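entry-v2.cif follows; it contains mmCIF, C-alpha atoms.
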data_data
#
loop_
_atom_site.label_atom_id
_atom_site.label_comp_id
_atom_site.auth_asym_id
_atom_site.auth_seq_id
_atom_site.Cartn_x
_atom_site.Cartn_y
_atom_site.Cartn_z
CA MET A 19 100.41 101.47 94.05
CA LEU A 20 103.41 102.76 92.08
CA GLU A 21 105.03 103.80 95.37
CA ILE A 22 104.88 100.20 96.60
CA LEU A 23 106.16 98.78 93.31
CA ARG A 24 109.05 101.25 93.29
CA GLN A 25 110.55 99.91 96.50
CA PRO A 26 113.02 97.02 96.19
CA TRP A 27 111.03 93.78 96.02
CA PRO A 28 111.60 91.23 98.79
CA TRP A 29 112.93 87.80 97.85
CA TYR A 30 109.70 85.92 98.57
CA ILE A 31 107.68 88.16 96.21
CA SER A 32 110.33 87.80 93.52
CA GLY A 33 110.60 84.01 93.93
CA ALA A 34 106.83 83.55 93.81
CA ALA A 35 106.57 85.82 90.75
CA ILE A 36 109.28 83.85 88.92
CA ALA A 37 107.39 80.59 89.64
CA PHE A 38 104.28 82.31 88.28
CA ILE A 39 106.13 83.22 85.05
CA MET A 40 107.21 79.60 84.65
CA VAL A 41 103.63 78.33 85.14
CA LEU A 42 102.23 80.99 82.80
CA LEU A 43 104.59 79.87 80.01
CA LEU A 44 103.59 76.23 80.65
CA PHE A 45 99.99 77.32 80.32
CA PHE A 46 100.90 78.90 76.94
CA GLY A 47 102.33 75.49 75.97
CA LYS A 48 105.95 76.68 76.26
CA SER A 49 108.92 75.97 78.49
CA PHE A 50 110.75 78.66 80.48
CA GLY A 51 114.40 78.79 79.36
CA VAL A 52 116.21 81.93 78.29
CA SER A 53 119.60 80.76 77.00
CA THR A 54 118.01 78.95 74.03
CA ASN A 55 117.55 82.41 72.55
CA LEU A 56 121.31 82.71 72.08
CA ARG A 57 121.25 79.66 69.80
CA THR A 58 118.23 81.04 67.94
CA MET A 59 120.03 84.34 67.34
CA CYS A 60 123.04 82.47 65.91
CA THR A 61 120.65 80.66 63.57
CA ILE A 62 118.99 83.89 62.45
CA VAL A 63 122.32 85.41 61.39
CA GLY A 64 123.04 82.32 59.30
CA ALA A 65 125.10 80.02 61.55
CA GLY A 66 123.00 77.08 60.30
CA LYS A 67 124.71 77.23 56.91
CA ARG A 68 128.06 76.41 58.48
CA VAL A 69 127.27 74.43 61.62
CA LYS A 70 124.64 71.72 61.84
CA PHE A 71 123.77 72.51 65.49
CA PHE A 72 122.20 75.78 64.32
CA GLU A 73 120.19 74.21 61.52
CA PHE A 74 116.60 74.37 62.79
CA ASP A 75 113.44 76.33 62.12
CA TRP A 76 114.01 79.36 64.35
CA LYS A 77 110.38 80.44 63.95
CA THR A 78 109.46 77.75 66.50
CA GLN A 79 111.36 79.92 69.01
CA LYS A 80 109.86 83.23 67.96
CA TRP A 81 107.77 83.31 71.15
CA ASN A 82 110.96 83.08 73.23
CA LEU A 83 112.57 85.99 71.35
CA LEU A 84 109.43 88.04 72.02
CA PHE A 85 109.71 87.09 75.70
CA LEU A 86 113.34 88.26 75.67
CA PHE A 87 112.35 91.50 73.94
CA GLY A 88 109.71 91.97 76.64
CA SER A 89 112.35 91.51 79.34
CA VAL A 90 114.36 94.39 77.82
CA LEU A 91 111.21 96.52 78.06
CA GLY A 92 110.88 95.33 81.67
CA GLY A 93 114.38 96.68 82.33
CA ILE A 94 113.37 100.02 80.81
CA ALA A 95 110.22 100.14 82.97
CA ALA A 96 112.21 99.32 86.12
CA SER A 97 114.71 102.11 85.44
CA THR A 98 112.14 104.79 84.60
CA LEU A 99 108.57 104.42 85.85
CA LEU A 100 109.56 102.13 88.74
CA ARG A 101 112.91 103.68 89.57
CA ASP A 102 113.84 104.27 93.18
CA ASN A 103 116.95 106.18 94.00
CA GLU A 104 117.84 104.51 97.28
CA PRO A 105 121.22 102.76 97.20
CA LEU A 106 121.18 98.95 97.01
CA ARG A 107 121.27 97.38 100.48
CA LEU A 108 124.33 95.21 99.92
CA SER A 109 125.75 93.35 102.92
CA ALA A 110 128.61 95.13 104.68
CA ALA A 111 130.80 92.02 104.39
CA THR A 112 130.47 92.01 100.58
CA ILE A 113 131.25 95.74 100.38
CA GLU A 114 134.40 95.08 102.43
CA ASP A 115 135.45 92.05 100.31
CA LEU A 116 134.95 93.95 97.06
CA LYS A 117 136.96 96.87 98.41
CA GLY A 118 139.79 94.38 98.90
CA LEU A 119 139.56 93.57 95.17
CA GLY A 120 139.66 97.28 94.32
CA ILE A 121 135.98 97.43 93.33
CA ALA A 122 134.09 100.27 95.02
CA PHE A 123 130.43 99.87 96.00
CA ASP A 124 128.59 102.79 94.40
CA GLY A 125 125.03 101.93 95.41
CA GLY A 126 123.85 101.03 91.89
CA LEU A 127 122.86 97.61 90.58
CA ASN A 128 126.19 97.13 88.86
CA PRO A 129 129.55 98.78 89.57
CA ALA A 130 130.13 101.75 87.24
CA GLN A 131 133.77 100.72 87.35
CA LEU A 132 132.96 97.60 85.32
CA PHE A 133 129.78 98.59 83.47
CA GLY A 134 129.92 102.40 83.21
CA ALA A 135 130.34 104.43 80.03
CA ASP A 136 134.12 104.59 80.53
CA LEU A 137 134.25 100.88 79.84
CA PHE A 138 134.17 101.39 76.09
CA THR A 139 137.62 103.01 76.27
CA SER A 140 139.13 100.33 78.50
CA PRO A 141 140.56 97.33 76.60
CA LYS A 142 140.91 95.31 79.82
CA GLY A 143 137.31 96.02 80.83
CA ILE A 144 136.01 95.03 77.40
CA ALA A 145 138.12 91.84 77.43
CA ILE A 146 136.73 90.85 80.87
CA LEU A 147 133.09 91.28 79.79
CA LEU A 148 133.67 89.57 76.45
CA LEU A 149 135.40 86.61 78.12
CA GLY A 150 132.65 86.37 80.75
CA GLY A 151 130.02 86.40 78.01
CA ILE A 152 131.82 83.67 76.07
CA LEU A 153 131.91 81.47 79.20
CA VAL A 154 128.18 82.05 79.77
CA GLY A 155 127.25 81.30 76.14
CA PHE A 156 129.48 78.24 75.82
CA GLY A 157 128.63 76.87 79.27
CA THR A 158 124.86 77.25 79.05
CA ARG A 159 124.65 75.53 75.68
CA TYR A 160 127.03 72.76 76.79
CA ALA A 161 124.94 72.22 79.94
CA GLY A 162 121.72 72.58 77.91
CA GLY A 163 120.31 75.41 80.01
CA CYS A 164 120.96 78.27 82.41
CA THR A 165 119.43 79.46 85.65
CA SER A 166 115.91 79.50 84.17
CA GLY A 167 116.05 76.22 82.24
CA HIS A 168 117.87 74.16 84.88
CA ALA A 169 117.61 75.88 88.28
CA ILE A 170 113.94 76.86 87.88
CA SER A 171 112.24 74.68 85.20
CA GLY A 172 114.47 71.62 85.68
CA LEU A 173 114.52 71.53 89.48
CA SER A 174 110.76 72.16 89.57
CA ASN A 175 110.38 68.99 87.52
CA LEU A 176 112.79 67.16 89.89
CA GLN A 177 115.37 66.53 87.19
CA ILE A 178 118.63 65.07 88.56
CA PRO A 179 120.59 66.39 85.51
CA SER A 180 119.43 69.90 86.41
CA LEU A 181 120.62 69.41 89.98
CA ILE A 182 124.04 68.34 88.63
CA ALA A 183 124.06 71.45 86.40
CA VAL A 184 123.24 73.71 89.38
CA VAL A 185 126.10 72.10 91.36
CA GLY A 186 128.27 72.95 88.34
CA PHE A 187 127.02 76.58 88.36
CA PHE A 188 128.27 76.83 91.94
CA ILE A 189 131.60 75.08 91.33
CA GLY A 190 132.33 77.60 88.57
CA GLY A 191 130.89 80.57 90.45
CA LEU A 192 132.81 79.84 93.65
CA ALA A 193 136.06 79.22 91.75
CA MET A 194 135.68 82.53 89.91
CA THR A 195 134.70 84.51 93.02
CA HIS A 196 137.28 83.17 95.44
CA LEU A 197 140.21 82.04 93.27
CA LEU A 198 140.16 83.90 89.97
CA LEU A 199 138.70 87.37 90.70
CA PRO A 200 141.69 88.29 92.93
CA LEU A 201 143.96 87.46 89.95
CA ILE A 202 141.83 89.34 87.40
CA PHE A 203 141.26 92.60 89.31
CA MET B 57 98.36 90.01 68.04
CA LYS B 58 99.37 86.52 69.13
CA GLY B 59 102.85 87.42 70.25
CA LEU B 60 101.78 90.17 72.62
CA LYS B 61 101.28 87.83 75.57
CA TYR B 62 104.91 86.72 75.35
CA ILE B 63 106.12 90.31 75.24
CA LEU B 64 104.00 91.14 78.30
CA THR B 65 105.18 88.02 80.16
CA GLY B 66 108.78 88.99 79.36
CA LEU B 67 108.10 92.54 80.53
CA VAL B 68 106.84 91.30 83.90
CA PHE B 69 109.84 88.97 84.14
CA GLY B 70 112.20 91.88 83.43
CA VAL B 71 110.57 94.06 86.08
CA ILE B 72 110.73 91.22 88.66
CA MET B 73 114.40 90.57 87.98
CA ALA B 74 115.33 94.26 88.12
CA LYS B 75 113.19 95.27 91.11
CA SER B 76 114.36 92.31 93.22
CA GLU B 77 117.96 93.17 92.22
CA ALA B 78 118.55 89.69 90.76
CA ILE B 79 120.21 91.43 87.77
CA SER B 80 122.77 93.04 90.10
CA TRP B 81 126.45 92.13 89.81
CA TYR B 82 126.79 93.03 93.48
CA ARG B 83 123.99 90.64 94.50
CA ILE B 84 125.61 87.77 92.59
CA GLN B 85 128.91 88.45 94.37
CA GLU B 86 127.08 88.50 97.69
CA MET B 87 125.52 85.13 96.79
CA PHE B 88 128.81 83.46 95.86
CA ARG B 89 130.31 84.79 99.10
CA PHE B 90 127.37 83.46 101.18
CA GLN B 91 126.92 86.91 102.74
CA SER B 92 123.17 87.30 102.23
CA PHE B 93 120.10 85.12 101.98
CA HIS B 94 118.55 87.32 99.27
CA MET B 95 119.41 85.37 96.08
CA TYR B 96 118.95 82.00 97.82
CA GLY B 97 115.54 83.18 98.98
CA ILE B 98 114.55 84.13 95.42
CA ILE B 99 115.72 80.88 93.81
CA GLY B 100 114.52 78.75 96.75
CA THR B 101 111.01 80.24 96.74
CA ALA B 102 110.75 79.90 92.94
CA VAL B 103 111.83 76.26 93.06
CA ALA B 104 109.63 75.33 96.05
CA LEU B 105 106.52 76.81 94.40
CA GLY B 106 107.63 75.45 91.02
CA VAL B 107 107.84 71.90 92.39
CA LEU B 108 104.35 72.29 93.85
CA ALA B 109 102.95 73.70 90.58
CA VAL B 110 104.48 70.96 88.42
CA PHE B 111 103.18 68.33 90.86
CA ILE B 112 99.65 69.76 90.64
CA ILE B 113 99.80 70.03 86.84
CA LYS B 114 100.88 66.38 86.55
CA LYS B 115 98.52 65.06 89.22
CA PHE B 116 95.40 66.71 87.78
CA ARG B 117 96.59 66.44 84.15
CA ILE B 118 95.99 70.17 83.68
CA LYS B 119 95.85 71.25 80.04
CA ASP B 120 97.35 74.35 78.47
CA ALA B 121 95.43 77.30 76.98
CA ARG B 122 94.85 75.43 73.71
CA GLY B 123 93.55 72.33 75.49
CA ASN B 124 96.71 70.28 74.89
CA PRO B 125 98.21 68.29 77.76
CA ILE B 126 101.18 70.03 79.40
CA VAL B 127 104.18 67.79 78.78
CA PHE B 128 107.49 67.93 80.61
CA GLN B 129 110.56 66.85 78.73
CA ASP B 130 113.02 64.89 80.80
CA LYS B 131 116.63 66.03 80.47
CA ASP B 132 119.13 63.57 78.96
CA LYS B 133 120.41 61.17 81.60
CA SER B 134 124.14 61.81 81.77
CA TRP B 135 126.46 63.91 83.88
CA PRO B 136 129.60 65.19 82.08
CA ARG B 137 127.80 67.87 80.09
CA TYR B 138 125.94 69.15 83.15
CA ILE B 139 128.88 69.33 85.52
CA ILE B 140 131.43 70.65 82.96
CA GLY B 141 129.05 72.94 81.07
CA GLY B 142 127.51 74.10 84.34
CA SER B 143 130.92 74.97 85.80
CA ILE B 144 131.91 76.93 82.68
CA PHE B 145 128.66 78.90 82.91
CA GLY B 146 129.28 79.46 86.64
CA LEU B 147 132.67 81.04 85.88
CA GLY B 148 131.02 83.48 83.50
CA TRP B 149 128.09 84.12 85.83
CA ALA B 150 130.35 85.20 88.70
CA LEU B 151 132.56 87.30 86.39
CA THR B 152 129.81 89.25 84.61
CA GLY B 153 127.13 88.92 87.31
CA ALA B 154 124.63 88.05 84.60
CA CYS B 155 122.89 84.95 83.35
CA PRO B 156 121.30 85.11 79.88
CA GLY B 157 118.01 86.69 81.05
CA PRO B 158 119.48 89.44 83.24
CA MET B 159 121.96 90.42 80.51
CA PHE B 160 119.06 91.66 78.43
CA VAL B 161 117.15 93.17 81.35
CA ASN B 162 120.33 95.11 82.19
CA ILE B 163 120.56 96.49 78.65
CA GLY B 164 117.00 97.75 79.02
CA TYR B 165 117.92 99.23 82.40
CA GLY B 166 120.58 101.29 80.67
CA TYR B 167 123.75 99.26 81.24
CA TRP B 168 124.95 99.42 77.64
CA ALA B 169 128.16 97.60 78.51
CA MET B 170 126.09 94.41 78.81
CA ILE B 171 125.90 94.44 75.00
CA ILE B 172 129.53 93.30 75.08
CA VAL B 173 128.54 90.41 77.37
CA VAL B 174 125.75 89.44 74.95
CA ILE B 175 128.18 89.53 72.00
CA GLY B 176 130.48 87.26 74.02
CA ALA B 177 127.59 84.92 74.85
CA LEU B 178 126.67 84.64 71.15
CA LEU B 179 130.30 83.89 70.28
CA GLY B 180 130.44 81.27 73.07
CA THR B 181 127.23 79.65 71.86
CA TYR B 182 128.56 79.55 68.29
CA PHE B 183 131.86 78.09 69.48
CA TYR B 184 129.97 75.34 71.35
CA GLY B 185 128.02 74.46 68.20
CA LEU B 186 131.29 74.32 66.29
CA ILE B 187 133.08 71.84 68.57
CA LYS B 188 130.04 70.10 70.09
CA ASP B 189 130.80 66.67 68.63
CA LYS B 190 134.31 66.65 70.10
CA LEU B 191 133.10 67.26 73.66
CA PRO B 192 132.08 64.62 76.22
CA HIS B 193 128.33 64.76 76.89
#
Take the structure from the file and write it as structure tokens.
Amino acid sequence: MLEILRQPWPWYISGAAIAFIMVLLLFFGKSFGVSTNLRTMCTIVGAGKRVKFFEFDWKTQKWNLLFLFGSVLGGIAASTLLRDNEPLRLSAATIEDLKGLGIAFDGGLNPAQLFGADLFTSPKGIAILLLGGILVGFGTRYAGGCTSGHAISGLSNLQIPSLIAVVGFFIGGLAMTHLLLPLIF
Amino acid sequence: MKGLKYILTGLVFGVIMAKSEAISWYRIQEMFRFQSFHMYGIIGTAVALGVLAVFIIKKFRIKDARGNPIVFQDKDKSWPRYIIGGSIFGLGWALTGACPGPMFVNIGYGYWAMIIVVIGALLGTYFYGLIKDKLPH
């Protein structure tokens, strides 16, 4: 059993399992959306005293924080018990494109060049990740959701606003990938 | 313990995202370069089954575990916030390779550098709250 789970999971298993997570949370009376947790965390550290947007009873979102905590544990499980040491099967075209940007494919989930331990001594690397994080945090709250809230929950409920948000995700993602990354790296 | 089911659900979610490589910066690059079906397959399957599940829940008025009706909140009908906010998120998604969920899964996986991305995301969220009323929605 563990041997099977250790192999990389195919897309159809993953997609079906994500739909199952969404339905399970609905069954618990909750709605699948991860980025809300970022707002809740701001509230917990006291942002509500200064900014009205963060003034709400964060305990109503405690379940979501527990879900997020669980997902960290899931990451730990995947990297220990369920680890497989085969290199990621990235498409040859992507490996070639990234080489052109000066980013080597090292077979891991994320390039050590950008996310390795050396990063903490590289001001440029820190600035890139911090900026990227700011864009994610600002954008998801502005759009009222991220990949889980809009692309999964919203589209499943046939929400046109979610479709517009997903189009936005791709406008931004394509602009970053094809226009801005060559300037950044 | 009431909260345990959420922790376990999150744990399964984290394992799914990591084992299907949806938390991979490389996979997100591959997606935005249209060089593999992998990420489209994941999102497409989730949405197709999600649409079916929501349809069934609505059609048969299925209740949740406590016996309450499952209600779906409609999103606000507008477009500026979705297209502008969505695009800003997209820029960050392609740069860091992580949406809010995978950021945390990655930290668990051992990519400590993602903590910097999370700090950025908290700052971005705070900044949005600060200037929210001045933005078109």
Selection under test: the PyMOL selection byres ((chain B and resi 174-177) around 10); residues as a compact mmCIF listing (two decimals) with C-alpha atoms, in the frame of the given file:
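Generated file (out_12.txt):
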# COMPACT_ATOMS: atom_id res chain seq x y z
CA SER A 53 119.60 80.76 77.00
CA LEU A 56 121.31 82.71 72.08
CA ARG A 57 121.25 79.66 69.80
CA ALA A 145 138.12 91.84 77.43
CA ILE A 146 136.73 90.85 80.87
CA LEU A 147 133.09 91.28 79.79
CA LEU A 148 133.67 89.57 76.45
CA LEU A 149 135.40 86.61 78.12
CA GLY A 150 132.65 86.37 80.75
CA GLY A 151 130.02 86.40 78.01
CA ILE A 152 131.82 83.67 76.07
CA LEU A 153 131.91 81.47 79.20
CA VAL A 154 128.18 82.05 79.77
CA GLY A 155 127.25 81.30 76.14
CA PHE A 156 129.48 78.24 75.82
CA GLY A 157 128.63 76.87 79.27
CA THR A 158 124.86 77.25 79.05
CA ARG A 159 124.65 75.53 75.68
CA GLY B 148 131.02 83.48 83.50
CA ALA B 154 124.63 88.05 84.60
CA CYS B 155 122.89 84.95 83.35
CA PRO B 156 121.30 85.11 79.88
CA MET B 159 121.96 90.42 80.51
CA PHE B 160 119.06 91.66 78.43
CA ILE B 163 120.56 96.49 78.65
CA ALA B 169 128.16 97.60 78.51
CA MET B 170 126.09 94.41 78.81
CA ILE B 171 125.90 94.44 75.00
CA ILE B 172 129.53 93.30 75.08
CA VAL B 173 128.54 90.41 77.37
CA LEU B 178 126.67 84.64 71.15
CA LEU B 179 130.30 83.89 70.28
CA GLY B 180 130.44 81.27 73.07
CA THR B 181 127.23 79.65 71.86
CA TYR B 182 128.56 79.55 68.29
CA PHE B 183 131.86 78.09 69.48
Practice task
Report the distance between CA of Leu173 in chain A and CA of Phe145 in chain B in Å, rounded to one decimal place.
Solution key: 17.2 Å
Per residue of range 95-136 of chain B within 9 Å of range 32-38 of chain A, what are the shortest atom pair and its distance in Å to one decimal, counting all atoms listed in the file, with rows by chain and residue number, as a tab-separated table?
residue	atom	partner	partner_atom	distance
B:Gly97	CA	A:Gly33	CA	7.1
B:Ile98	CA	A:Gly33	CA	4.2
B:Ile99	CA	A:Gly33	CA	6.0
B:Gly100	CA	A:Gly33	CA	7.1
B:Thr101	CA	A:Gly33	CA	4.7
B:Ala102	CA	A:Gly33	CA	4.2
B:Val103	CA	A:Ala37	CA	7.1
B:Ala104	CA	A:Ala37	CA	8.6
B:Leu105	CA	A:Ala37	CA	6.1
B:Gly106	CA	A:Ala37	CA	5.3
B:Ala109	CA	A:Ala37	CA	8.3
Handout entry: Selection dump of the PyMOL selection byres ((chain B and resi 113) around 12), as a VMD selection string
Key = (chain A and resid 41 to 42 44 to 45 174 to 175) or (chain B and resid 106 to 112 114 to 120 125 to 128)
Practice task
Using only C-alpha atoms, find all polymer residues with an atom at most 9 Å away from the point (120.4, 101.0, 98.1); report them as a list in words.
Solution key: Pro26, Asp102, Asn103, Glu104, Pro105, Leu106, Arg107, Leu108, Gly125, Gly126 and Leu127 of chain A
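Distance-wise, CA of Met40 in chain A and CA of Ser180 in chain A end up 15.7 Å apart.
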Practice task
Find the residues near Pro136 in chain B: any atom within 8 Å, counting all atoms listed in the file, skip ones fewer than 5 places away on the same chain, and give them as a PyMOL selection string.
Solution key: chain B and resi 141+192-193
Practice task
Determine, counting all atoms listed in the file, every residue of protein, DNA or RNA that lies within 9 Å of (104.8, 87.7, 79.2) in the file coordinates, then give the result as an NGL selection string.
Solution key: (:A and (39 or 42-43 or 84-85 or 88-89)) or (:B and (60-69))
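The space separating CA of Ser76 in chain B from CA of Pro28 in chain A comes to 6.3 Å.
With all atoms listed in the file as the atoms that count, the residue of B:Leu191, B:Phe90, B:Gly70, B:Gly123 with the shortest distance to chain A is B:Gly70.
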Practice task
Taking the file as shown, find all residues satisfying the PyMOL selection byres ((chain A and resi 130) around 12) and write them as number ranges by chain.
Solution key: A: 121-129, 131-138, 143; B: 80-82, 166-170
Exercise for the section: Would you mind telling me which residue in A:Ala110, A:Leu198, A:Thr54, A:Gly93 lies nearest to chain B when using all atoms listed in the file? Expected result: A:Gly93
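Restricting the calculation to only C-alpha atoms, the smallest distance between chain B and any of A:Ile113, A:Leu181, A:Leu197, A:Ile94 is found for A:Ile94.
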Problem - Which residue of A:Ile62, A:Lys48, A:Val90, A:Trp81 approaches Gln129 in chain B most closely, using all atoms listed in the file - result: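 Nearest candidate to Gln129 in chain B out of A:Ile62, A:Lys48, A:Val90, A:Trp81: A:Lys48.
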Centre, x/y/z edge lengths, axis-aligned box for range 150-165 of chain B with 6 Å per side, as AutoDock Vina command-line options:
--center_x 124.8 --center_y 92.1 --center_z 83.6 --size_x 27.6 --size_y 26.3 --size_z 22.3
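Of the residues under consideration (B:Arg83, B:Lys188, B:Ser143, B:Pro158), B:Ser143 shows the shortest atom-to-atom contact distance to chain A when counting all atoms listed in the file.
Proximity to Gly186 in chain A was assessed for B:Tyr184, B:Trp135, B:Tyr96, B:Tyr165 counting all atoms listed in the file; the smallest distance is recorded for B:Trp135.
Residues with any atom within 9 Å of Phe72 in chain A, counting only C-alpha atoms and excluding same-chain neighbours fewer than 3 positions away, are Arg57, Thr58, Cys60, Thr61, Ile62, Gly64, Ala65, Gly66, Lys67, Arg68, Val69 and Trp76 of chain A; Tyr182 and Gly185 of chain B.
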Can I get the selected residues back with C-alpha atoms, as a short mmCIF file (atom, residue, chain, number, x, y, z; two decimals), in the coordinates of the input?
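Once written, again.cif looks like this:
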data_model
loop_
_atom_site.label_atom_id
_atom_site.label_comp_id
_atom_site.auth_asym_id
_atom_site.auth_seq_id
_atom_site.Cartn_x
_atom_site.Cartn_y
_atom_site.Cartn_z
CA ARG A 57 121.25 79.66 69.80
CA THR A 58 118.23 81.04 67.94
CA CYS A 60 123.04 82.47 65.91
CA THR A 61 120.65 80.66 63.57
CA ILE A 62 118.99 83.89 62.45
CA GLY A 64 123.04 82.32 59.30
CA ALA A 65 125.10 80.02 61.55
CA GLY A 66 123.00 77.08 60.30
CA LYS A 67 124.71 77.23 56.91
CA ARG A 68 128.06 76.41 58.48
CA VAL A 69 127.27 74.43 61.62
CA TRP A 76 114.01 79.36 64.35
CA TYR B 182 128.56 79.55 68.29
CA GLY B 185 128.02 74.46 68.20
#
